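Peer 1: First, the structure itself, so that you have it in front of you.
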Amino acid sequence: MIENKDEFRILSPSINSLLNDDIDQQTLSPLSCLREFESNWLLEFDLPLVNKKDIKITFDENLVSVEAKLKESYSEEKLGIQTKFEYFKKTLSLPGKINSKKASAKFTKGRLTITIPKQVTGHKIKIE
Amino acid sequence: MQTSKKLPKEKILLVGFPSNGLVGTFTISYLVHYLEMKAIGEIEHPDLPPTLFVEDGEILPPIRIYKKNNLYVVMSDLPFDPFVAYDFAESILDYCKKNQIKKIIIISGMETVNRDPKSPKIFGLVTHQSLEKLLYDYGIPKFLAGSIFGTDAAMITAFRKSKIPALILYAECHPFFPDPEASIIAITTLARVLEIKVDTTDIQKKIEWLRIQHRNLMEETIRSLQQQQQEKKPGKAPQIYR
């Protein structure tokens, strides 16, 4: 999106988005957060400008990857460079063993929520 | 523009800085833009990272002061660390005293346990009894229980000890993602309190774009908030954020 001089906007203090994002692959790195609960992980991705049908979620052991195509391309000009982005992409490594087969996902208002049950391992011990 | 010409009769200062969901930043920026407020000054601090913005060839400082009639705004585009937060709050208080400001309104975001993303709510907290009636008159539910840390807490601490009352509006929001949608309820509530009309169509059209554009500011704000939380509760592990 090319910004118009008269449009409402906020100045962003950082110039490093171009370092996190992949200019060659036209890929943006989405914001995400991970919360731990007793029996599962809750992983959220902020995916504005995305339709549900264009999201792909994949698991590889404890790695979770999310890829999504933007419904409109997003342009950003930083340090005089006009860059166009078409995708969101991010891979996260979860800190523990997960049961990816029982994972579920929801997409509401451009926010993807993935619930991933933890893999229960170990054994009980008797209290003496 | 549908703005009422009747801006407040008494001097009021609005304050916005990056916090949960960037609600304060979105709300105050939008009002400055919508009311066509004029930049009249800036706040400097030696501990802030040396940062300037250039917009259309104009050099802009990160903490700016705007004014239109009796309405003043202090807006920061930089999140603060715990030490700068106290100095920032004291600077604002000092500015209010020098300019005979009668009350200040701080806009911020908060995460609540039973948040319904479909209908975000807004809560009010006041530092002085004199503003309690304002909450009642404008139907703003009172923020009854919870903990506050960071720049919000520094501001409240500074003003509750002063003669200048502060109203803090907390819009429910996503704590880790930019939430311009939550700022819309803050804008409309603020407009009611100031008794002005503000059309939010412009920000509504840009919600998705704003969320993409402000990923970096959100990340930097989270880092500052976690730093502030750790200062308050040593030993407590920060929430996982990647």
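Starting from 1 in every chain, residues are counted up; chains themselves are A, B, ... following the order of the structure tokens, and ligands are numbered from 1 as listed.
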Mind checking which residues fall within 12 Å of region 205-208 of chain B, counting only C-alpha atoms, ignoring those fewer than 4 positions away in the same chain, and posting them as an NGL selection string?
Peer 2: (:A and (1 or 3 or 7-9 or 46-51 or 70-72 or 74 or 109-111)) or (:B and (26 or 30 or 177-184 or 199-201 or 212-215))
Peer 1: Distance cut-off 8 Å, counting only C-alpha atoms - which residues of chain B neighbour chain A? Return them as number ranges by chain.
Peer 2: B: 25-26, 29-30, 33-34, 51, 53, 56, 62, 77-78, 176-177, 202-203, 208-209, 211-212, 214-217, 219, 239-242
Peer 1: Give me, as a ChimeraX atom specification, all polymer residues having an atom no more than 10 Å from region 8-18 of chain B, counting only C-alpha atoms and skipping those fewer than 6 positions away in the same chain.
Peer 2: /B:24-29,31,63,65-80,92,95-96,99-109,151-152,155,166-168,178,190,193-196,217-218,220-222,224-225
Peer 1: Create the file for the chosen residues now, containing C-alpha atoms and written as a CSV table (one decimal), in the first residue's frame.
Peer 2:
```csv
chain,number,residue,atom,x,y,z
B,24,GLY,CA,-3.3,4.4,23.0
B,25,THR,CA,-1.1,5.0,20.0
B,26,PHE,CA,-3.9,4.3,17.5
B,27,THR,CA,-6.5,6.3,19.4
B,28,ILE,CA,-4.4,9.5,19.9
B,29,SER,CA,-2.9,9.4,16.5
B,31,LEU,CA,-7.7,12.1,16.9
B,63,ILE,CA,7.4,12.4,21.7
B,65,ILE,CA,2.9,17.8,21.8
B,66,TYR,CA,-0.1,18.9,19.8
B,67,LYS,CA,-2.8,21.5,20.5
B,68,LYS,CA,-6.1,22.7,19.2
B,69,ASN,CA,-8.0,25.4,21.2
B,70,ASN,CA,-8.1,24.0,24.8
B,71,LEU,CA,-7.3,20.4,23.8
B,72,TYR,CA,-3.7,19.3,24.2
B,73,VAL,CA,-2.1,16.0,23.2
B,74,VAL,CA,1.1,14.3,24.2
B,75,MET,CA,1.9,11.4,22.0
B,76,SER,CA,4.9,9.0,22.0
B,77,ASP,CA,5.8,6.7,19.2
B,78,LEU,CA,8.5,5.0,21.4
B,79,PRO,CA,7.7,2.6,24.2
B,80,PHE,CA,9.5,3.4,27.4
B,92,ILE,CA,3.7,15.4,31.8
B,95,TYR,CA,3.7,20.4,31.7
B,96,CYS,CA,0.2,20.3,33.0
B,99,ASN,CA,-0.2,25.2,31.2
B,100,GLN,CA,-3.0,25.1,33.8
B,101,ILE,CA,-4.4,21.8,32.4
B,102,LYS,CA,-7.5,20.9,34.4
B,103,LYS,CA,-7.5,17.2,33.8
B,104,ILE,CA,-5.8,14.5,31.7
B,105,ILE,CA,-7.1,11.5,29.9
B,106,ILE,CA,-4.8,8.5,29.3
B,107,ILE,CA,-5.8,5.9,26.7
B,108,SER,CA,-4.5,2.4,27.1
B,109,GLY,CA,-5.3,-1.2,26.4
B,151,THR,CA,4.0,3.6,31.9
B,152,ASP,CA,0.3,3.5,32.9
B,155,MET,CA,1.4,8.1,35.1
B,166,ALA,CA,-6.5,11.8,35.6
B,167,LEU,CA,-9.0,9.5,33.8
B,168,ILE,CA,-7.5,6.3,32.4
B,178,PRO,CA,-1.8,-4.4,17.3
B,190,LEU,CA,-13.2,9.7,24.2
B,193,VAL,CA,-16.3,12.4,27.1
B,194,LEU,CA,-14.9,15.4,25.2
B,195,GLU,CA,-18.4,16.0,23.7
B,196,ILE,CA,-17.2,16.1,20.2
B,217,LEU,CA,6.2,-1.2,17.1
B,218,MET,CA,4.2,-3.9,18.8
B,220,GLU,CA,9.2,-3.3,20.7
B,221,THR,CA,6.3,-2.4,23.0
B,222,ILE,CA,6.0,-6.0,24.2
B,224,SER,CA,9.4,-2.8,27.0
B,225,LEU,CA,6.3,-4.1,28.8
```
Peer 1: In chain B, what's helix (DSSP H, G or I) per DSSP? Answer as a PyMOL selection string?
Peer 2: chain B and resi 20-34+82-98+129-137+151-160+180-194+201-205+207-213+215-232
Peer 1: Could you save those same residues with C-alpha atoms as an mmCIF file, in the first residue's frame?
Peer 2:
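Generated file (out-v7.cif):
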```cif
data_model
loop_
_atom_site.group_PDB
_atom_site.id
_atom_site.type_symbol
_atom_site.label_atom_id
_atom_site.label_comp_id
_atom_site.auth_asym_id
_atom_site.auth_seq_id
_atom_site.Cartn_x
_atom_site.Cartn_y
_atom_site.Cartn_z
ATOM 1 C CA ASN B 20 -1.159 -3.305 25.059
ATOM 2 C CA GLY B 21 -2.601 -3.640 21.552
ATOM 3 C CA LEU B 22 -1.144 -0.183 20.726
ATOM 4 C CA VAL B 23 -4.599 1.114 21.656
ATOM 5 C CA GLY B 24 -3.343 4.445 23.032
ATOM 6 C CA THR B 25 -1.135 5.033 20.012
ATOM 7 C CA PHE B 26 -3.881 4.318 17.462
ATOM 8 C CA THR B 27 -6.489 6.330 19.356
ATOM 9 C CA ILE B 28 -4.429 9.455 19.928
ATOM 10 C CA SER B 29 -2.868 9.412 16.455
ATOM 11 C CA TYR B 30 -6.297 9.186 14.911
ATOM 12 C CA LEU B 31 -7.651 12.095 16.939
ATOM 13 C CA VAL B 32 -4.646 14.269 16.108
ATOM 14 C CA HIS B 33 -5.166 13.489 12.442
ATOM 15 C CA TYR B 34 -8.948 13.845 12.523
ATOM 16 C CA PRO B 82 10.772 1.583 33.487
ATOM 17 C CA PHE B 83 13.156 4.447 34.294
ATOM 18 C CA VAL B 84 12.080 6.648 31.409
ATOM 19 C CA ALA B 85 8.404 5.942 32.266
ATOM 20 C CA TYR B 86 8.722 7.747 35.619
ATOM 21 C CA ASP B 87 10.502 10.714 34.070
ATOM 22 C CA PHE B 88 7.920 10.838 31.289
ATOM 23 C CA ALA B 89 5.098 10.918 33.868
ATOM 24 C CA GLU B 90 6.799 13.674 35.860
ATOM 25 C CA SER B 91 7.391 15.697 32.673
ATOM 26 C CA ILE B 92 3.717 15.438 31.768
ATOM 27 C CA LEU B 93 2.702 16.540 35.264
ATOM 28 C CA ASP B 94 5.089 19.463 35.073
ATOM 29 C CA TYR B 95 3.720 20.422 31.664
ATOM 30 C CA CYS B 96 0.156 20.292 33.018
ATOM 31 C CA LYS B 97 1.032 22.583 35.916
ATOM 32 C CA LYS B 98 2.747 25.111 33.666
ATOM 33 C CA GLN B 129 -13.062 11.564 43.426
ATOM 34 C CA SER B 130 -13.979 14.590 41.296
ATOM 35 C CA LEU B 131 -13.918 12.455 38.137
ATOM 36 C CA GLU B 132 -16.084 9.617 39.489
ATOM 37 C CA LYS B 133 -19.202 11.391 38.275
ATOM 38 C CA LEU B 134 -17.770 11.559 34.783
ATOM 39 C CA LEU B 135 -17.649 7.753 34.628
ATOM 40 C CA TYR B 136 -21.277 7.577 35.731
ATOM 41 C CA ASP B 137 -22.458 10.343 33.371
ATOM 42 C CA THR B 151 4.048 3.626 31.934
ATOM 43 C CA ASP B 152 0.346 3.509 32.896
ATOM 44 C CA ALA B 153 1.298 2.912 36.514
ATOM 45 C CA ALA B 154 3.955 5.643 36.442
ATOM 46 C CA MET B 155 1.394 8.128 35.101
ATOM 47 C CA ILE B 156 -1.233 7.167 37.672
ATOM 48 C CA THR B 157 1.297 7.372 40.501
ATOM 49 C CA ALA B 158 2.396 10.856 39.452
ATOM 50 C CA PHE B 159 -1.116 12.261 39.024
ATOM 51 C CA ARG B 160 -2.829 10.719 42.050
ATOM 52 C CA PRO B 180 -6.906 -0.938 15.988
ATOM 53 C CA GLU B 181 -10.411 -2.382 16.360
ATOM 54 C CA ALA B 182 -10.165 -1.959 20.131
ATOM 55 C CA SER B 183 -9.044 1.607 19.610
ATOM 56 C CA ILE B 184 -12.323 2.404 17.843
ATOM 57 C CA ILE B 185 -14.240 1.943 21.086
ATOM 58 C CA ALA B 186 -11.632 4.119 22.797
ATOM 59 C CA ILE B 187 -12.073 6.833 20.140
ATOM 60 C CA THR B 188 -15.867 6.815 20.425
ATOM 61 C CA THR B 189 -15.740 6.846 24.239
ATOM 62 C CA LEU B 190 -13.213 9.652 24.235
ATOM 63 C CA ALA B 191 -15.363 11.615 21.783
ATOM 64 C CA ARG B 192 -18.328 11.266 24.179
ATOM 65 C CA VAL B 193 -16.275 12.423 27.144
ATOM 66 C CA LEU B 194 -14.940 15.403 25.180
ATOM 67 C CA THR B 201 -14.819 5.430 9.108
ATOM 68 C CA ASP B 202 -11.252 6.185 8.110
ATOM 69 C CA ILE B 203 -9.647 3.970 10.767
ATOM 70 C CA GLN B 204 -12.238 1.223 10.240
ATOM 71 C CA LYS B 205 -11.231 0.988 6.581
ATOM 72 C CA ILE B 207 -7.744 -1.936 10.364
ATOM 73 C CA GLU B 208 -5.969 -4.747 8.507
ATOM 74 C CA TRP B 209 -3.300 -2.456 7.049
ATOM 75 C CA LEU B 210 -2.578 -0.905 10.435
ATOM 76 C CA ARG B 211 -2.074 -4.366 11.923
ATOM 77 C CA ILE B 212 0.565 -5.195 9.311
ATOM 78 C CA GLN B 213 2.262 -1.804 9.446
ATOM 79 C CA ARG B 215 4.204 -5.270 13.784
ATOM 80 C CA ASN B 216 7.580 -3.792 14.730
ATOM 81 C CA LEU B 217 6.225 -1.196 17.103
ATOM 82 C CA MET B 218 4.155 -3.942 18.750
ATOM 83 C CA GLU B 219 7.201 -6.170 19.188
ATOM 84 C CA GLU B 220 9.223 -3.338 20.692
ATOM 85 C CA THR B 221 6.331 -2.445 22.990
ATOM 86 C CA ILE B 222 6.050 -6.039 24.210
ATOM 87 C CA ARG B 223 9.750 -6.044 25.002
ATOM 88 C CA SER B 224 9.374 -2.827 27.013
ATOM 89 C CA LEU B 225 6.271 -4.095 28.818
ATOM 90 C CA GLN B 226 8.013 -7.330 29.746
ATOM 91 C CA GLN B 227 10.994 -5.352 30.978
ATOM 92 C CA GLN B 228 8.674 -3.171 33.062
ATOM 93 C CA GLN B 229 6.849 -6.226 34.422
ATOM 94 C CA GLN B 230 10.126 -7.873 35.385
ATOM 95 C CA GLU B 231 11.222 -4.716 37.189
ATOM 96 C CA LYS B 232 7.992 -4.874 39.178
#
```
Peer 1: Quick one, how far is CA of Glu61 (chain A) from CA of His123 (chain A)?
Peer 2: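 Answer for the CA of Glu61 (chain A) to CA of His123 (chain A) separation: 22.0 Å.
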Peer 1: From the DSSP assignment of the backbone, select every residue of region 35-122 of chain A that is strand (DSSP E or B), and format the answer as a VMD selection string.
Peer 2: chain A and resid 35 to 36 40 to 46 50 to 60 63 to 78 81 to 93 98 104 to 108 111 to 118
Peer 1: Those same residues - C-alpha atoms - I'd like them written as a tab-separated table (two decimals), in the first residue's frame.
Peer 2:
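Output file result36.tsv follows:
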```tsv
chain	number	residue	atom	x	y	z
A	35	ARG	CA	0.96	-19.52	25.74
A	36	GLU	CA	1.38	-22.61	27.82
A	40	ASN	CA	-1.82	-27.82	25.72
A	41	TRP	CA	-0.06	-25.01	23.92
A	42	LEU	CA	-2.00	-22.12	22.47
A	43	LEU	CA	-0.28	-20.59	19.49
A	44	GLU	CA	-1.67	-17.44	17.90
A	45	PHE	CA	-0.70	-15.71	14.65
A	46	ASP	CA	-1.86	-12.29	13.57
A	50	VAL	CA	-5.68	-13.14	4.72
A	51	ASN	CA	-8.58	-15.44	3.83
A	52	LYS	CA	-9.00	-18.72	5.74
A	53	LYS	CA	-8.71	-20.81	2.57
A	54	ASP	CA	-5.25	-19.39	1.87
A	55	ILE	CA	-3.65	-20.56	5.13
A	56	LYS	CA	-1.48	-23.67	5.34
A	57	ILE	CA	-0.43	-25.14	8.69
A	58	THR	CA	2.17	-27.89	8.85
A	59	PHE	CA	3.81	-29.82	11.67
A	60	ASP	CA	7.22	-31.47	11.72
A	63	LEU	CA	8.01	-27.41	14.61
A	64	VAL	CA	4.87	-25.58	13.53
A	65	SER	CA	4.86	-23.69	10.23
A	66	VAL	CA	2.21	-21.29	9.02
A	67	GLU	CA	2.06	-19.93	5.50
A	68	ALA	CA	-0.62	-17.65	4.13
A	69	LYS	CA	-1.18	-15.73	0.94
A	70	LEU	CA	-2.29	-12.12	1.29
A	71	LYS	CA	-5.55	-11.25	-0.45
A	72	GLU	CA	-3.93	-7.98	-1.60
A	73	SER	CA	-0.25	-7.29	-1.94
A	74	TYR	CA	1.29	-5.11	0.75
A	75	SER	CA	3.94	-2.53	-0.08
A	76	GLU	CA	6.26	-0.80	2.28
A	77	GLU	CA	8.81	1.89	1.64
A	78	LYS	CA	11.74	1.99	4.02
A	81	ILE	CA	13.23	1.05	-1.04
A	82	GLN	CA	9.75	0.16	-2.21
A	83	THR	CA	9.11	-3.48	-1.35
A	84	LYS	CA	6.08	-5.61	-2.21
A	85	PHE	CA	4.95	-8.57	-0.12
A	86	GLU	CA	2.52	-11.35	-1.06
A	87	TYR	CA	2.80	-13.87	1.80
A	88	PHE	CA	3.08	-14.39	5.52
A	89	LYS	CA	5.38	-17.18	6.68
A	90	LYS	CA	6.76	-18.27	10.04
A	91	THR	CA	8.04	-21.43	11.68
A	92	LEU	CA	8.14	-21.86	15.43
A	93	SER	CA	9.70	-24.52	17.56
A	98	ILE	CA	3.42	-32.25	21.17
A	104	SER	CA	-7.01	-27.90	16.09
A	105	ALA	CA	-7.14	-24.44	14.51
A	106	LYS	CA	-9.55	-21.52	14.33
A	107	PHE	CA	-9.39	-18.37	12.23
A	108	THR	CA	-11.39	-15.37	13.40
A	111	ARG	CA	-6.22	-14.16	13.93
A	112	LEU	CA	-5.22	-17.79	13.70
A	113	THR	CA	-5.39	-19.79	16.92
A	114	ILE	CA	-3.83	-23.26	17.02
A	115	THR	CA	-4.41	-25.46	20.05
A	116	ILE	CA	-1.81	-28.18	20.35
A	117	PRO	CA	-2.14	-30.84	23.04
A	118	LYS	CA	1.03	-31.77	24.91
```
Peer 1: What gap, in Å, lies between CA of Val126 (chain B) and CA of Leu7 (chain B)?
Peer 2: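 The value is 21.7 Å.
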